[in-house]
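Have a look at query.pdb below; it lists PDB, C-alpha atoms and all ligand atoms.
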```
ATOM      1  CA  MET A   1     -20.977 132.158  81.667
ATOM      2  CA  LYS A   2     -20.401 135.484  83.359
ATOM      3  CA  ILE A   3     -18.388 138.226  81.702
ATOM      4  CA  LEU A   4     -17.002 141.265  83.499
ATOM      5  CA  ILE A   5     -16.290 144.296  81.311
ATOM      6  CA  THR A   6     -14.551 147.342  82.770
ATOM      7  CA  GLY A   7     -14.011 150.902  81.515
ATOM      8  CA  PHE A   8     -12.086 153.807  83.057
ATOM      9  CA  ASP A   9     -13.214 157.188  84.299
ATOM     10  CA  PRO A  10     -11.990 160.317  82.425
ATOM     11  CA  PHE A  11      -8.351 161.331  82.929
ATOM     12  CA  GLY A  12      -5.753 163.746  81.602
ATOM     13  CA  GLY A  13      -8.152 166.689  81.407
ATOM     14  CA  GLU A  14     -10.815 164.874  79.342
ATOM     15  CA  LYS A  15     -14.475 165.249  80.328
ATOM     16  CA  ILE A  16     -15.432 161.743  79.224
ATOM     17  CA  ASN A  17     -13.730 158.421  78.667
ATOM     18  CA  PRO A  18     -15.051 156.481  75.639
ATOM     19  CA  SER A  19     -14.598 153.198  77.522
ATOM     20  CA  ALA A  20     -16.987 154.265  80.292
ATOM     21  CA  GLU A  21     -19.474 155.658  77.739
ATOM     22  CA  ALA A  22     -19.440 152.447  75.694
ATOM     23  CA  ILE A  23     -19.807 149.897  78.495
ATOM     24  CA  LYS A  24     -22.881 151.722  79.839
ATOM     25  CA  LEU A  25     -24.685 150.860  76.584
ATOM     26  CA  LEU A  26     -23.800 147.166  76.323
ATOM     27  CA  PRO A  27     -26.652 144.630  76.436
ATOM     28  CA  LYS A  28     -27.153 142.699  79.682
ATOM     29  CA  HIS A  29     -26.724 139.385  77.876
ATOM     30  CA  ILE A  30     -24.662 138.268  74.862
ATOM     31  CA  LYS A  31     -25.004 134.664  73.570
ATOM     32  CA  ASP A  32     -26.779 133.734  76.838
ATOM     33  CA  CYS A  33     -23.858 134.999  78.908
ATOM     34  CA  GLU A  34     -24.412 137.560  81.656
ATOM     35  CA  ILE A  35     -22.602 140.861  81.059
ATOM     36  CA  ILE A  36     -21.503 142.767  84.165
ATOM     37  CA  THR A  37     -19.994 146.225  83.685
ATOM     38  CA  LYS A  38     -17.971 148.406  86.024
ATOM     39  CA  THR A  39     -16.256 151.768  85.607
ATOM     40  CA  ILE A  40     -13.016 151.822  87.550
ATOM     41  CA  PRO A  41     -10.851 154.793  88.606
ATOM     42  CA  THR A  42      -7.836 155.832  86.512
ATOM     43  CA  VAL A  43      -5.594 155.388  89.546
ATOM     44  CA  PHE A  44      -2.738 152.881  89.674
ATOM     45  CA  GLU A  45      -3.286 150.730  92.793
ATOM     46  CA  LEU A  46      -6.922 151.646  93.414
ATOM     47  CA  SER A  47      -8.039 150.460  89.954
ATOM     48  CA  ALA A  48      -6.652 147.008  90.734
ATOM     49  CA  GLU A  49      -8.295 146.919  94.173
ATOM     50  CA  VAL A  50     -11.689 147.718  92.623
ATOM     51  CA  LEU A  51     -11.144 145.119  89.877
ATOM     52  CA  LYS A  52     -10.118 142.418  92.363
ATOM     53  CA  LYS A  53     -13.212 143.107  94.489
ATOM     54  CA  GLU A  54     -15.457 142.762  91.420
ATOM     55  CA  ILE A  55     -13.751 139.528  90.346
ATOM     56  CA  LEU A  56     -14.000 137.958  93.813
ATOM     57  CA  GLU A  57     -17.646 139.052  94.111
ATOM     58  CA  HIS A  58     -18.862 137.873  90.690
ATOM     59  CA  ASN A  59     -16.435 135.043  89.887
ATOM     60  CA  PRO A  60     -16.512 135.762  86.120
ATOM     61  CA  ASP A  61     -15.309 133.381  83.398
ATOM     62  CA  ILE A  62     -14.024 136.250  81.246
ATOM     63  CA  VAL A  63     -12.695 139.689  82.249
ATOM     64  CA  ILE A  64     -12.143 142.273  79.508
ATOM     65  CA  CYS A  65     -10.776 145.676  80.530
ATOM     66  CA  ILE A  66     -11.135 148.621  78.165
ATOM     67  CA  GLY A  67      -9.470 152.047  78.077
ATOM     68  CA  GLN A  68      -8.907 155.098  75.915
ATOM     69  CA  ALA A  69      -5.854 155.333  73.670
ATOM     70  CA  GLY A  70      -6.005 158.997  72.663
ATOM     71  CA  GLY A  71      -4.818 159.522  69.072
ATOM     72  CA  SER A  72      -5.224 155.895  68.005
ATOM     73  CA  SER A  73      -7.232 155.222  64.858
ATOM     74  CA  ASN A  74      -7.894 151.546  65.605
ATOM     75  CA  ILE A  75      -9.376 149.206  68.121
ATOM     76  CA  SER A  76      -6.140 147.851  69.620
ATOM     77  CA  ILE A  77      -6.162 144.336  71.026
ATOM     78  CA  GLU A  78      -3.314 144.262  73.525
ATOM     79  CA  ARG A  79      -1.072 141.194  73.391
ATOM     80  CA  VAL A  80       1.022 141.710  76.522
ATOM     81  CA  ALA A  81       1.200 143.527  79.871
ATOM     82  CA  ILE A  82       4.572 144.349  81.451
ATOM     83  CA  ASN A  83       5.578 144.556  85.125
ATOM     84  CA  ILE A  84       6.267 148.292  85.231
ATOM     85  CA  ASP A  85       4.524 151.564  86.084
ATOM     86  CA  ASP A  86       6.077 154.637  84.437
ATOM     87  CA  ALA A  87       3.650 157.565  84.479
ATOM     88  CA  ARG A  88       3.950 160.298  81.831
ATOM     89  CA  ILE A  89       1.141 162.232  83.554
ATOM     90  CA  PRO A  90      -0.315 161.958  87.084
ATOM     91  CA  ASP A  91      -3.173 159.485  87.563
ATOM     92  CA  ASN A  92      -6.483 160.759  88.964
ATOM     93  CA  ASN A  93      -5.091 160.689  92.524
ATOM     94  CA  GLY A  94      -1.875 162.497  91.565
ATOM     95  CA  ASN A  95       0.347 159.387  91.603
ATOM     96  CA  THR A  96       3.363 159.494  89.281
ATOM     97  CA  PRO A  97       5.284 156.220  89.737
ATOM     98  CA  VAL A  98       8.508 155.982  87.747
ATOM     99  CA  ASP A  99       9.961 152.586  86.801
ATOM    100  CA  LYS A 100       8.112 150.911  89.662
ATOM    101  CA  LYS A 101       7.428 147.172  89.530
ATOM    102  CA  ILE A 102       3.705 146.401  89.702
ATOM    103  CA  LYS A 103       4.265 143.093  91.529
ATOM    104  CA  GLU A 104       7.600 142.172  93.142
ATOM    105  CA  ASP A 105       6.700 138.475  92.842
ATOM    106  CA  GLY A 106       5.113 138.746  89.378
ATOM    107  CA  ALA A 107       6.458 137.707  85.987
ATOM    108  CA  ASN A 108       8.153 140.374  83.841
ATOM    109  CA  ALA A 109       5.182 140.114  81.493
ATOM    110  CA  TYR A 110       1.940 138.229  80.992
ATOM    111  CA  PHE A 111       0.281 137.528  77.652
ATOM    112  CA  SER A 112      -3.425 138.161  77.068
ATOM    113  CA  THR A 113      -5.501 134.993  77.378
ATOM    114  CA  LEU A 114      -8.143 136.324  74.965
ATOM    115  CA  PRO A 115      -8.231 134.870  71.403
ATOM    116  CA  ILE A 116      -6.533 137.987  70.010
ATOM    117  CA  LYS A 117      -6.037 136.719  66.438
ATOM    118  CA  ALA A 118      -9.614 135.478  66.063
ATOM    119  CA  ILE A 119     -10.821 138.814  67.446
ATOM    120  CA  ILE A 120      -8.843 140.852  64.898
ATOM    121  CA  THR A 121     -10.100 138.627  62.077
ATOM    122  CA  LYS A 122     -13.741 139.062  63.149
ATOM    123  CA  LEU A 123     -13.402 142.824  63.588
ATOM    124  CA  ASN A 124     -11.819 143.209  60.166
ATOM    125  CA  GLU A 125     -14.548 141.047  58.580
ATOM    126  CA  ASN A 126     -17.022 143.532  60.037
ATOM    127  CA  ASN A 127     -15.083 146.507  58.604
ATOM    128  CA  ILE A 128     -13.907 147.753  61.996
ATOM    129  CA  PRO A 129     -10.298 148.973  61.909
ATOM    130  CA  ALA A 130      -8.411 146.855  64.429
ATOM    131  CA  LYS A 131      -4.889 145.723  65.136
ATOM    132  CA  ILE A 132      -2.824 143.732  67.605
ATOM    133  CA  SER A 133      -0.842 146.076  69.818
ATOM    134  CA  ASN A 134       2.386 144.814  71.341
ATOM    135  CA  SER A 135       2.514 147.442  74.073
ATOM    136  CA  ALA A 136      -0.269 148.724  76.305
ATOM    137  CA  GLY A 137       2.051 151.526  77.443
ATOM    138  CA  THR A 138       3.211 152.034  81.026
ATOM    139  CA  PHE A 139       0.255 153.934  82.501
ATOM    140  CA  VAL A 140      -2.913 152.686  84.244
ATOM    141  CA  CYS A 141      -4.139 150.562  81.309
ATOM    142  CA  ASN A 142      -1.011 148.393  81.255
ATOM    143  CA  HIS A 143      -1.266 148.320  85.059
ATOM    144  CA  ILE A 144      -4.828 146.952  85.103
ATOM    145  CA  MET A 145      -4.095 144.407  82.374
ATOM    146  CA  TYR A 146      -1.052 143.206  84.317
ATOM    147  CA  GLN A 147      -3.007 143.042  87.594
ATOM    148  CA  SER A 148      -5.864 141.126  85.980
ATOM    149  CA  LEU A 149      -3.496 138.568  84.426
ATOM    150  CA  TYR A 150      -1.507 138.314  87.690
ATOM    151  CA  LEU A 151      -4.719 137.581  89.606
ATOM    152  CA  ALA A 152      -5.869 135.050  86.979
ATOM    153  CA  ASN A 153      -2.512 133.348  87.344
ATOM    154  CA  GLN A 154      -2.881 133.221  91.135
ATOM    155  CA  LEU A 155      -6.380 131.739  90.771
ATOM    156  CA  ASN A 156      -5.155 128.917  88.478
ATOM    157  CA  ASN A 157      -6.332 130.784  85.375
ATOM    158  CA  ASN A 158      -9.991 130.287  86.286
ATOM    159  CA  PHE A 159     -10.871 133.278  84.097
ATOM    160  CA  LYS A 160      -9.624 134.515  80.723
ATOM    161  CA  THR A 161      -8.573 138.133  80.553
ATOM    162  CA  GLY A 162      -7.074 140.835  78.397
ATOM    163  CA  PHE A 163      -7.189 144.490  77.467
ATOM    164  CA  ILE A 164      -8.607 146.566  74.617
ATOM    165  CA  HIS A 165      -7.569 150.148  73.803
ATOM    166  CA  ILE A 166     -10.131 152.260  71.925
ATOM    167  CA  PRO A 167      -9.852 155.629  70.124
ATOM    168  CA  PHE A 168     -11.262 158.994  71.192
ATOM    169  CA  LEU A 169     -14.929 159.734  70.489
ATOM    170  CA  PRO A 170     -15.442 162.428  67.807
ATOM    171  CA  GLU A 171     -16.826 164.935  70.345
ATOM    172  CA  GLN A 172     -13.647 164.775  72.427
ATOM    173  CA  ILE A 173     -11.250 166.212  69.908
ATOM    174  CA  GLY A 174     -12.892 167.901  66.937
ATOM    175  CA  LYS A 175     -11.061 167.031  63.728
ATOM    176  CA  ALA A 176      -7.469 167.200  64.922
ATOM    177  CA  TYR A 177      -7.053 163.499  65.808
ATOM    178  CA  PRO A 178      -8.491 160.183  64.656
ATOM    179  CA  SER A 179     -11.650 159.072  66.426
ATOM    180  CA  MET A 180     -14.326 156.364  66.228
ATOM    181  CA  SER A 181     -18.086 156.654  66.666
ATOM    182  CA  LEU A 182     -19.650 155.306  69.853
ATOM    183  CA  GLU A 183     -21.801 153.025  67.675
ATOM    184  CA  ASN A 184     -18.745 151.401  66.048
ATOM    185  CA  ILE A 185     -16.956 151.101  69.387
ATOM    186  CA  ILE A 186     -19.956 149.303  70.908
ATOM    187  CA  THR A 187     -20.225 146.985  67.876
ATOM    188  CA  ALA A 188     -16.512 146.240  68.258
ATOM    189  CA  ILE A 189     -16.862 145.402  71.961
ATOM    190  CA  GLU A 190     -19.818 143.114  71.230
ATOM    191  CA  ILE A 191     -17.794 141.290  68.546
ATOM    192  CA  ILE A 192     -14.862 140.959  70.950
ATOM    193  CA  ILE A 193     -17.155 139.453  73.605
ATOM    194  CA  GLU A 194     -18.855 137.083  71.123
ATOM    195  CA  THR A 195     -15.514 135.869  69.752
ATOM    196  CA  THR A 196     -14.105 135.302  73.239
ATOM    197  CA  ILE A 197     -17.184 133.199  74.068
ATOM    198  CA  ASP A 198     -16.871 131.242  70.783
ATOM    199  CA  TYR A 199     -13.201 130.460  71.461
ATOM    200  CA  PHE A 200     -13.598 129.787  75.184
ATOM    201  CA  TYR A 201     -12.919 126.059  74.869
ATOM    202  CA  ILE A 202     -10.710 126.108  71.765
ATOM    203  CA  ASP A 203      -7.315 127.523  70.783
ATOM    204  CA  ASP A 204      -6.934 130.877  69.055
ATOM    205  CA  ILE A 205      -6.385 130.746  65.283
ATOM    206  CA  ASN A 206      -2.793 130.495  64.065
ATOM    207  CA  VAL A 207      -2.375 133.365  61.607
ATOM    208  CA  SER A 208       0.223 136.108  61.592
ATOM    209  CA  TYR A 209      -0.627 139.685  62.435
ATOM    210  CA  GLY A 210       3.036 140.392  63.096
ATOM    211  CA  THR A 211       4.721 143.726  62.454
ATOM    212  CA  GLU A 212       8.268 144.904  61.709
ATOM    213  CA  PHE A 213       8.195 147.751  64.250
TER     214      PHE A 213
HETATM  215  N1  LIG B   1      -6.454 155.026  79.276
HETATM  216  C1  LIG B   1      -5.241 155.146  80.049
HETATM  217  C2  LIG B   1      -5.663 154.897  81.471
HETATM  218  C3  LIG B   1      -7.136 155.040  81.498
HETATM  219  C4  LIG B   1      -7.543 155.006  80.080
HETATM  220  O1  LIG B   1      -8.710 154.987  79.661
HETATM  221  C5  LIG B   1      -4.095 154.288  79.547
HETATM  222  O2  LIG B   1      -4.050 153.998  78.327
HETATM  223  O3  LIG B   1      -3.231 153.891  80.311
END
```
Do you think you could lay out the structure here as structure tokens?
Amino acid sequence: MKILITGFDPFGGEKINPSAEAIKLLPKHIKDCEIITKTIPTVFELSAEVLKKEILEHNPDIVICIGQAGGSSNISIERVAINIDDARIPDNNGNTPVDKKIKEDGANAYFSTLPIKAIITKLNENNIPAKISNSAGTFVCNHIMYQSLYLANQLNNNFKTGFIHIPFLPEQIGKAYPSMSLENIITAIEIIIETTIDYFYIDDINVSYGTEF
């Protein structure tokens, strides 16, 4: 199998993006699967163009996109992407879409096709703080997750895809916000990849990680 993993370039005044730092250090193979990595721009439409080019070039079986969720204390496995761009800050090309549909002919939302429950269980077994997130926001991360799932849908779901938000690295923020070490983030990404491979041909586990709010 081939697995495409993407990270984003720094945005919002940051000098680094933990997703780009982490994917650089991933092994070239996990469980005999080839790992391909690509850093994509934090720009609404352009990020999706770069992703689509990579997918059409490599024809991966699994596509996992990763981005920074500043202030989060957990690895957040995103459950759903929604058909809306609503930018709180400009992207790296100065775009600030407000309430703009990502795809006129797309569904209102697409659910991750990664085994999100099995992933959380494995991460927690390995003492990595992780949770299901029911919103990837309305910035470029939700955009890329939506675009990846839209494309998968168009290609008869010939690849599984989803999105992972990760915390700041300690060096980004001092002690004011939660952060996670690069080592733990990389371990988490490896576990996420391994679990997605293990569940490739079987259904996700049926346990609740539901929340009240
Ligand atoms: N995080 C942003 C976009 C790029 C990134 O790493 C987001 O959460 O939308």
Q: With the file shown as input, list the residues that the PyMOL selection byres (((not hetatm)) within 7 of (chain B and resi 1)) selects, as a list of chain:residue names.
A: A:Gly7, A:Phe8, A:Asp9, A:Pro10, A:Phe11, A:Asn17, A:Ser19, A:Thr42, A:Ile66, A:Gly67, A:Gln68, A:Ala69, A:Ala136, A:Gly137, A:Thr138, A:Phe139, A:Val140, A:Cys141, A:Asn142, A:His165
Kindly resolve the PyMOL selection byres (((chain A and resi 207) around 10) and not hetatm) on the present coordinates and return the residues as an mmCIF file with C-alpha atoms, keeping the file's coordinate frame.
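Here's the written file out.cif:
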```
data_model
loop_
_atom_site.group_PDB
_atom_site.id
_atom_site.type_symbol
_atom_site.label_atom_id
_atom_site.label_comp_id
_atom_site.auth_asym_id
_atom_site.auth_seq_id
_atom_site.Cartn_x
_atom_site.Cartn_y
_atom_site.Cartn_z
ATOM 1 C CA LYS A 117 -6.037 136.719 66.438
ATOM 2 C CA ALA A 118 -9.614 135.478 66.063
ATOM 3 C CA THR A 121 -10.100 138.627 62.077
ATOM 4 C CA ASP A 204 -6.934 130.877 69.055
ATOM 5 C CA ILE A 205 -6.385 130.746 65.283
ATOM 6 C CA ASN A 206 -2.793 130.495 64.065
ATOM 7 C CA SER A 208 0.223 136.108 61.592
ATOM 8 C CA TYR A 209 -0.627 139.685 62.435
ATOM 9 C CA GLY A 210 3.036 140.392 63.096
#
```
Per residue of region 92-183 of chain A within 9 Å of region 190-200 of chain A, record the nearest atom pair and its distance in Å to one decimal, counting only C-alpha atoms, with rows in chain order and ascending residue number, as a tab-separated table.
```
residue	atom	partner	partner_atom	distance
A:Leu114	CA	A:Thr196	CA	6.3
A:Pro115	CA	A:Thr196	CA	6.2
A:Ile116	CA	A:Thr196	CA	8.7
A:Ala118	CA	A:Thr195	CA	7.0
A:Ile119	CA	A:Ile192	CA	5.8
A:Ile120	CA	A:Ile192	CA	8.5
A:Lys122	CA	A:Ile191	CA	7.1
A:Leu123	CA	A:Ile191	CA	6.8
A:Asn126	CA	A:Ile191	CA	8.8
A:Lys160	CA	A:Phe200	CA	8.3
```
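Here the PyMOL selection byres (((chain A and resi 4) around 7) and not hetatm) matches the residues A:Lys2, A:Ile3, A:Ile5, A:Thr6, A:Ile35, A:Ile36, A:Thr37, A:Pro60, A:Ile62, A:Val63, A:Ile64.
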With C-alpha atoms retained, export the selected residues as a PDB file, keeping the file's coordinate frame.
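File produced: result_3.pdb:
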```pdb
ATOM      1  CA  LYS A   2     -20.401 135.484  83.359  1.00  0.00           C
ATOM      2  CA  ILE A   3     -18.388 138.226  81.702  1.00  0.00           C
ATOM      3  CA  ILE A   5     -16.290 144.296  81.311  1.00  0.00           C
ATOM      4  CA  THR A   6     -14.551 147.342  82.770  1.00  0.00           C
ATOM      5  CA  ILE A  35     -22.602 140.861  81.059  1.00  0.00           C
ATOM      6  CA  ILE A  36     -21.503 142.767  84.165  1.00  0.00           C
ATOM      7  CA  THR A  37     -19.994 146.225  83.685  1.00  0.00           C
ATOM      8  CA  PRO A  60     -16.512 135.762  86.120  1.00  0.00           C
ATOM      9  CA  ILE A  62     -14.024 136.250  81.246  1.00  0.00           C
ATOM     10  CA  VAL A  63     -12.695 139.689  82.249  1.00  0.00           C
ATOM     11  CA  ILE A  64     -12.143 142.273  79.508  1.00  0.00           C
TER      12      ILE A  64
END
```
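Here CA of Ile128 (chain A) stands at a distance of 22.4 Å from CA of Glu212 (chain A).
Candidate residues A:Gln154, A:Asp86, A:Glu78, A:Lys131 were compared for distance to Ala107 (chain A), and the nearest is A:Gln154, using only C-alpha atoms.
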Quick one: region 22-47 of chain A with N, CA, C and O atoms, as a JSON list (two decimals), in the frame of the given file?
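New file selection_19.json:
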```
[["chain", "number", "residue", "atom", "x", "y", "z"],
["A", 22, "ALA", "N", -19.05, 153.63, 76.48],
["A", 22, "ALA", "CA", -19.44, 152.45, 75.69],
["A", 22, "ALA", "C", -19.99, 151.33, 76.58],
["A", 22, "ALA", "O", -21.02, 150.72, 76.23],
["A", 23, "ILE", "N", -19.35, 151.07, 77.70],
["A", 23, "ILE", "CA", -19.81, 149.90, 78.50],
["A", 23, "ILE", "C", -21.19, 150.12, 79.10],
["A", 23, "ILE", "O", -21.93, 149.17, 79.30],
["A", 24, "LYS", "N", -21.54, 151.40, 79.32],
["A", 24, "LYS", "CA", -22.88, 151.72, 79.84],
["A", 24, "LYS", "C", -23.97, 151.22, 78.90],
["A", 24, "LYS", "O", -25.09, 150.95, 79.31],
["A", 25, "LEU", "N", -23.66, 151.16, 77.59],
["A", 25, "LEU", "CA", -24.68, 150.86, 76.58],
["A", 25, "LEU", "C", -24.66, 149.41, 76.10],
["A", 25, "LEU", "O", -25.38, 149.05, 75.18],
["A", 26, "LEU", "N", -23.85, 148.58, 76.74],
["A", 26, "LEU", "CA", -23.80, 147.17, 76.32],
["A", 26, "LEU", "C", -25.07, 146.44, 76.76],
["A", 26, "LEU", "O", -25.65, 146.78, 77.80],
["A", 27, "PRO", "N", -25.50, 145.42, 75.99],
["A", 27, "PRO", "CA", -26.65, 144.63, 76.44],
["A", 27, "PRO", "C", -26.33, 143.86, 77.71],
["A", 27, "PRO", "O", -25.15, 143.65, 78.03],
["A", 28, "LYS", "N", -27.36, 143.43, 78.41],
["A", 28, "LYS", "CA", -27.15, 142.70, 79.68],
["A", 28, "LYS", "C", -26.78, 141.23, 79.44],
["A", 28, "LYS", "O", -26.24, 140.57, 80.33],
["A", 29, "HIS", "N", -27.10, 140.76, 78.23],
["A", 29, "HIS", "CA", -26.72, 139.38, 77.88],
["A", 29, "HIS", "C", -26.20, 139.34, 76.45],
["A", 29, "HIS", "O", -26.71, 140.04, 75.58],
["A", 30, "ILE", "N", -25.16, 138.53, 76.22],
["A", 30, "ILE", "CA", -24.66, 138.27, 74.86],
["A", 30, "ILE", "C", -24.47, 136.76, 74.76],
["A", 30, "ILE", "O", -23.80, 136.16, 75.62],
["A", 31, "LYS", "N", -25.08, 136.13, 73.74],
["A", 31, "LYS", "CA", -25.00, 134.66, 73.57],
["A", 31, "LYS", "C", -25.31, 133.93, 74.88],
["A", 31, "LYS", "O", -24.57, 133.04, 75.29],
["A", 32, "ASP", "N", -26.35, 134.36, 75.57],
["A", 32, "ASP", "CA", -26.78, 133.73, 76.84],
["A", 32, "ASP", "C", -25.80, 133.92, 77.99],
["A", 32, "ASP", "O", -25.96, 133.30, 79.04],
["A", 33, "CYS", "N", -24.79, 134.74, 77.81],
["A", 33, "CYS", "CA", -23.86, 135.00, 78.91],
["A", 33, "CYS", "C", -24.25, 136.32, 79.58],
["A", 33, "CYS", "O", -24.68, 137.26, 78.91],
["A", 34, "GLU", "N", -24.07, 136.35, 80.91],
["A", 34, "GLU", "CA", -24.41, 137.56, 81.66],
["A", 34, "GLU", "C", -23.27, 138.58, 81.53],
["A", 34, "GLU", "O", -22.10, 138.22, 81.73],
["A", 35, "ILE", "N", -23.62, 139.81, 81.19],
["A", 35, "ILE", "CA", -22.60, 140.86, 81.06],
["A", 35, "ILE", "C", -22.68, 141.78, 82.28],
["A", 35, "ILE", "O", -23.72, 142.38, 82.55],
["A", 36, "ILE", "N", -21.58, 141.88, 83.00],
["A", 36, "ILE", "CA", -21.50, 142.77, 84.16],
["A", 36, "ILE", "C", -20.53, 143.89, 83.80],
["A", 36, "ILE", "O", -19.44, 143.61, 83.26],
["A", 37, "THR", "N", -20.90, 145.12, 84.05],
["A", 37, "THR", "CA", -19.99, 146.22, 83.68],
["A", 37, "THR", "C", -19.62, 147.03, 84.92],
["A", 37, "THR", "O", -20.41, 147.14, 85.87],
["A", 38, "LYS", "N", -18.43, 147.60, 84.89],
["A", 38, "LYS", "CA", -17.97, 148.41, 86.02],
["A", 38, "LYS", "C", -17.00, 149.47, 85.52],
["A", 38, "LYS", "O", -16.05, 149.15, 84.78],
["A", 39, "THR", "N", -17.23, 150.71, 85.90],
["A", 39, "THR", "CA", -16.26, 151.77, 85.61],
["A", 39, "THR", "C", -15.30, 151.87, 86.79],
["A", 39, "THR", "O", -15.73, 151.96, 87.93],
["A", 40, "ILE", "N", -14.01, 151.81, 86.48],
["A", 40, "ILE", "CA", -13.02, 151.82, 87.55],
["A", 40, "ILE", "C", -12.19, 153.11, 87.47],
["A", 40, "ILE", "O", -12.11, 153.74, 86.41],
["A", 41, "PRO", "N", -11.59, 153.53, 88.60],
["A", 41, "PRO", "CA", -10.85, 154.79, 88.61],
["A", 41, "PRO", "C", -9.51, 154.71, 87.87],
["A", 41, "PRO", "O", -8.84, 153.68, 87.94],
["A", 42, "THR", "N", -9.14, 155.78, 87.18],
["A", 42, "THR", "CA", -7.84, 155.83, 86.51],
["A", 42, "THR", "C", -6.77, 156.20, 87.56],
["A", 42, "THR", "O", -6.25, 157.31, 87.60],
["A", 43, "VAL", "N", -6.54, 155.23, 88.43],
["A", 43, "VAL", "CA", -5.59, 155.39, 89.55],
["A", 43, "VAL", "C", -4.85, 154.06, 89.68],
["A", 43, "VAL", "O", -5.50, 153.00, 89.72],
["A", 44, "PHE", "N", -3.53, 154.11, 89.76],
["A", 44, "PHE", "CA", -2.74, 152.88, 89.67],
["A", 44, "PHE", "C", -3.22, 151.75, 90.60],
["A", 44, "PHE", "O", -3.80, 150.79, 90.10],
["A", 45, "GLU", "N", -2.97, 151.86, 91.91],
["A", 45, "GLU", "CA", -3.29, 150.73, 92.79],
["A", 45, "GLU", "C", -4.79, 150.56, 93.00],
["A", 45, "GLU", "O", -5.31, 149.45, 93.03],
["A", 46, "LEU", "N", -5.48, 151.69, 93.13],
["A", 46, "LEU", "CA", -6.92, 151.65, 93.41],
["A", 46, "LEU", "C", -7.70, 150.92, 92.32],
["A", 46, "LEU", "O", -8.64, 150.15, 92.60],
["A", 47, "SER", "N", -7.33, 151.13, 91.06],
["A", 47, "SER", "CA", -8.04, 150.46, 89.95],
["A", 47, "SER", "C", -7.98, 148.95, 90.15],
["A", 47, "SER", "O", -8.98, 148.24, 89.96]]
```
